[in-house]
Amino acid sequence: MMINRYLSNRPFRRSSTFPGNSNARVMKLIFVLLASLGFTACSDNDSSTDSQSPSTTVTTRDSGMVVTVQKADGITVHTLTAPEAVFANSTHIIESENSLVAFDTQFLLPNARDMRAYADEIGKPIDRVYITHDHPDHFLGSEAFNDRPVYALQEVADLIQTNGENEVIEKQGDFGADNIASTFVVPQVVEPGSLMIDGIAYEFEKVVDAEAANQLVIRIPNHGVVITGDLVYSDVHLILAGQVDPWTVALENLAAVDGYPVVLPGHGAPNDPSVYQENIDWLATAGQLIATVSTAEEFKQGLIDAFPNLGMPTAIDFVTPILFPAE
Ligand SMILES: [Zn+2]
């Protein structure tokens with residue numbers, strides 16, 4: 001589990017918000033920049049990650065994805081986390097007595113197919129798949145699950161239907177047709193509320209205007225599990241794709257709800273509720289830096305200095321051209 005010592009308890013400056021931009025612009029920039037860095041095959045086979053508890057196991061797939069398996073009061077929680085070179089996307093599979101429910105579908109096609117292979121290896125049917133938000137690194141792997149029901153919030157399903165084809169074309173151009181699926185699933189609609197699946201109660205919430213415009217948060221209240229989507233980045237620097245203030249409020253709201261010791265993020269390893277304050281502190285620091293420094297280098301170095309233990313510092317580079325456009 002991450003132990004960071006950084007700029008805790010600094011006053012949060014409400015005035016320091018991310019300059020106006022659209023999420024689409026930021027995500028487009030992210031992928032253009034990543035492509036310019038040169039995509040390399042997954043080669044991180046380090047499986048030395050510490051186990052989080054005696055019931056947690058951590059292994060690494062041939063694809064490079066790290067698999068964390070946790071027991072949570074009668075269900076099993078499987079998390080597959082991509083290497084940091086490809087955003088450290090985390091996707092989750094909840095295993096109950098008779099079936100599986102999957103959350104997000106990975107970004108790259110090889111990882112999506114490996115997630116599907118992993119699910120099939122468990123040996124229980126995939127009841128359904130949920131997409132937490134409309135960013136391409138969360139839905140472009142849905143081809144690997146196109147024989148199963150896929151659900152998302154209405155707004156997310158609409159955006160995937162509208163923008164999905166362009167995302168495929170653009171990302172295939174950046175990453176190659178071998179790495180980006182040619183097709184995707186337009187999800188069916190999940191309404192906020194409660195649902196029983198294989199005897200397990202799930203609660204679905206919509207959070208707006210945080211990292212994404214519409215974010216699905218899923219709680220499994222009787223098992224202490226919350227799936228946060230990209231409201232939470234764990235052990236890695238945040239991609240500042242949303243505005244500091246509403247994102248911070250969303251994290252404060254997550255932190256205010258007790259009883260969910262297992263936090264499953266959109267990026268990075270599974271964590272516990274301490275990750276909320278860590279993300280709040282990161283956003284506060286980013287906001288302070290935006291208000292006080294004048295160069296991308298100062299901004300990035302300030303975040304690296306404040307959070308030396310976080311991985312994926314390239315996440316900072318994705319947004320600096322927008323934050324400091326004059327350079
Ligand atoms: Zn994401």
# chains A, B, ... in the order shown; residues from 1 in each chain; ligands from 1
call {"tool": "residues_near_ligand", "arguments": {"ligand": "ligand 1", "cutoff": "6 Å", "atoms": "only C-alpha atoms and all ligand atoms", "output": "PyMOL selection string"}}
result
chain A and resi 137+230+266
call {"tool": "residues_around", "arguments": {"residues": "Gly123 of chain A", "least_positions_apart": "6", "cutoff": "12 Å", "atoms": "only C-alpha atoms", "output": "PyMOL selection string"}}
result
chain A and resi 95-100+116-117
call {"tool": "closest_atom_pairs", "arguments": {"of": "segment 130-184 of chain A", "to": "segment 199-206 of chain A", "cutoff": "12 Å", "atoms": "only C-alpha atoms", "output": "JSON lines"}}
result
{"residue": "A:Tyr130", "atom": "CA", "partner": "A:Phe204", "partner_atom": "CA", "distance": 10.4}
{"residue": "A:Ile131", "atom": "CA", "partner": "A:Phe204", "partner_atom": "CA", "distance": 11.8}
{"residue": "A:Thr132", "atom": "CA", "partner": "A:Lys206", "partner_atom": "CA", "distance": 9.5}
{"residue": "A:His133", "atom": "CA", "partner": "A:Lys206", "partner_atom": "CA", "distance": 10.0}
{"residue": "A:Tyr151", "atom": "CA", "partner": "A:Phe204", "partner_atom": "CA", "distance": 11.4}
{"residue": "A:Ala152", "atom": "CA", "partner": "A:Phe204", "partner_atom": "CA", "distance": 10.2}
{"residue": "A:Leu153", "atom": "CA", "partner": "A:Lys206", "partner_atom": "CA", "distance": 7.7}
{"residue": "A:Gln154", "atom": "CA", "partner": "A:Lys206", "partner_atom": "CA", "distance": 10.2}
{"residue": "A:Glu155", "atom": "CA", "partner": "A:Lys206", "partner_atom": "CA", "distance": 10.1}
{"residue": "A:Val156", "atom": "CA", "partner": "A:Lys206", "partner_atom": "CA", "distance": 10.5}
call {"tool": "closest_atom_pairs", "arguments": {"of": "segment 176-295 of chain A", "to": "segment 107-112 of chain A", "cutoff": "7 Å", "atoms": "only C-alpha atoms", "output": "Markdown table"}}
result
| residue | atom | partner | partner_atom | distance |
| --- | --- | --- | --- | --- |
| A:Asn179 | CA | A:Leu109 | CA | 5.1 |
| A:Ile180 | CA | A:Leu109 | CA | 5.2 |
| A:Ala181 | CA | A:Leu109 | CA | 5.4 |
call {"tool": "write_last_selection", "arguments": {"atoms": "N, CA and C atoms", "output": "JSON list (two decimals), in the first residue's frame"}}
result
[["chain", "number", "residue", "atom", "x", "y", "z"],
["A", 179, "ASN", "N", -3.59, -2.83, -32.22],
["A", 179, "ASN", "CA", -3.70, -2.46, -30.82],
["A", 179, "ASN", "C", -5.04, -1.83, -30.44],
["A", 180, "ILE", "N", -5.79, -1.38, -31.45],
["A", 180, "ILE", "CA", -7.09, -0.75, -31.19],
["A", 180, "ILE", "C", -8.16, -1.53, -31.95],
["A", 181, "ALA", "N", -9.18, -1.97, -31.25],
["A", 181, "ALA", "CA", -10.23, -2.76, -31.89],
["A", 181, "ALA", "C", -10.95, -1.94, -32.94]]
call {"tool": "select_by_dssp", "arguments": {"residues": "segment 144-324 of chain A", "states": "alpha helix (DSSP H)", "output": "PyMOL selection string"}}
result
chain A and resi 154-175+244-255+274-292+296-306+314-317+320-323
call {"tool": "closest_residue", "arguments": {"among": "A:Ser294, A:Asn222, A:Gln106, A:Thr76", "to": "Ser90 of chain A", "atoms": "only C-alpha atoms"}}
result
A:Gln106
call {"tool": "closest_residue", "arguments": {"among": "A:Asn89, A:Thr292, A:Asn253, A:Thr105", "to": "Ile239 of chain A", "atoms": "only C-alpha atoms"}}
result
A:Asn89
call {"tool": "closest_residue", "arguments": {"among": "A:Met196, A:Leu216, A:Ala286, A:Ala88", "to": "Thr320 of chain A", "atoms": "only C-alpha atoms"}}
result
A:Ala286
call {"tool": "select_by_dssp", "arguments": {"residues": "segment 45-269 of chain A", "states": "strand (DSSP E)", "output": "MDAnalysis selection string"}}
result
chainID A and resid 57:60 66:72 75:81 90:95 100:103 126:130 150:152 188:189 193:197 200:208 214:220 225:234 262:268
call {"tool": "closest_residue", "arguments": {"among": "A:Thr59, A:Phe318, A:Lys71, A:Asp178", "to": "Arg113 of chain A", "atoms": "only C-alpha atoms"}}
result
A:Asp178
call {"tool": "closest_residue", "arguments": {"among": "A:Val263, A:Ile197, A:Ile304, A:Leu289", "to": "His92 of chain A", "atoms": "only C-alpha atoms"}}
result
A:Val263
call {"tool": "residues_around", "arguments": {"residues": "Ala213 of chain A", "least_positions_apart": "3", "cutoff": "9 Å", "atoms": "only C-alpha atoms", "output": "PyMOL selection string"}}
result
chain A and resi 23+133-134+155-156+207-210+242
call {"tool": "residues_around", "arguments": {"residues": "Gly302 of chain A", "least_positions_apart": "2", "cutoff": "10 Å", "atoms": "only C-alpha atoms", "output": "list of chain:residue names"}}
result
A:Thr285, A:Ala286, A:Gln288, A:Leu289, A:Val293, A:Ala296, A:Glu297, A:Glu298, A:Phe299, A:Lys300, A:Ile304, A:Asp305, A:Ala306, A:Phe307, A:Pro308
call {"tool": "write_last_selection", "arguments": {"atoms": "C-alpha atoms", "output": "PDB file, in the first residue's frame"}}
result
ATOM      1  CA  THR A 285      -1.255  20.962  -5.254  1.00  0.00           C
ATOM      2  CA  ALA A 286      -1.983  21.026  -8.970  1.00  0.00           C
ATOM      3  CA  GLN A 288      -1.783  25.832  -6.391  1.00  0.00           C
ATOM      4  CA  LEU A 289       0.851  25.268  -9.039  1.00  0.00           C
ATOM      5  CA  VAL A 293       4.028  28.873 -11.717  1.00  0.00           C
ATOM      6  CA  ALA A 296       5.132  23.384 -17.726  1.00  0.00           C
ATOM      7  CA  GLU A 297       8.479  22.334 -16.262  1.00  0.00           C
ATOM      8  CA  GLU A 298       7.772  24.053 -12.940  1.00  0.00           C
ATOM      9  CA  PHE A 299       4.311  22.526 -12.851  1.00  0.00           C
ATOM     10  CA  LYS A 300       5.544  19.003 -13.496  1.00  0.00           C
ATOM     11  CA  ILE A 304       6.896  15.204  -8.767  1.00  0.00           C
ATOM     12  CA  ASP A 305       8.525  16.869  -5.753  1.00  0.00           C
ATOM     13  CA  ALA A 306       5.261  16.829  -3.815  1.00  0.00           C
ATOM     14  CA  PHE A 307       4.407  13.230  -4.689  1.00  0.00           C
ATOM     15  CA  PRO A 308       7.719  11.420  -5.229  1.00  0.00           C
TER      16      PRO A 308
END
call {"tool": "residues_around", "arguments": {"residues": "Gln161 of chain A", "least_positions_apart": "6", "cutoff": "9 Å", "atoms": "only C-alpha atoms", "output": "PDB file with N, CA and C atoms, in the first residue's frame"}}
result
ATOM      1  N   VAL A 185     -18.865  -1.687 -28.587  1.00  0.00           N
ATOM      2  CA  VAL A 185     -20.265  -1.927 -28.247  1.00  0.00           C
ATOM      3  C   VAL A 185     -20.898  -0.609 -27.814  1.00  0.00           C
ATOM      4  N   VAL A 186     -22.035  -0.271 -28.402  1.00  0.00           N
ATOM      5  CA  VAL A 186     -22.828   0.849 -27.879  1.00  0.00           C
ATOM      6  C   VAL A 186     -23.651   0.295 -26.712  1.00  0.00           C
ATOM      7  N   PRO A 187     -23.377   0.785 -25.508  1.00  0.00           N
ATOM      8  CA  PRO A 187     -23.998   0.152 -24.338  1.00  0.00           C
ATOM      9  C   PRO A 187     -25.508   0.356 -24.289  1.00  0.00           C
TER      10      PRO A 187
END
call {"tool": "residues_around", "arguments": {"residues": "Gly164 of chain A", "least_positions_apart": "6", "cutoff": "10 Å", "atoms": "only C-alpha atoms", "output": "number ranges by chain"}}
result
A: 134-136, 139-140, 157-158, 170, 183-186
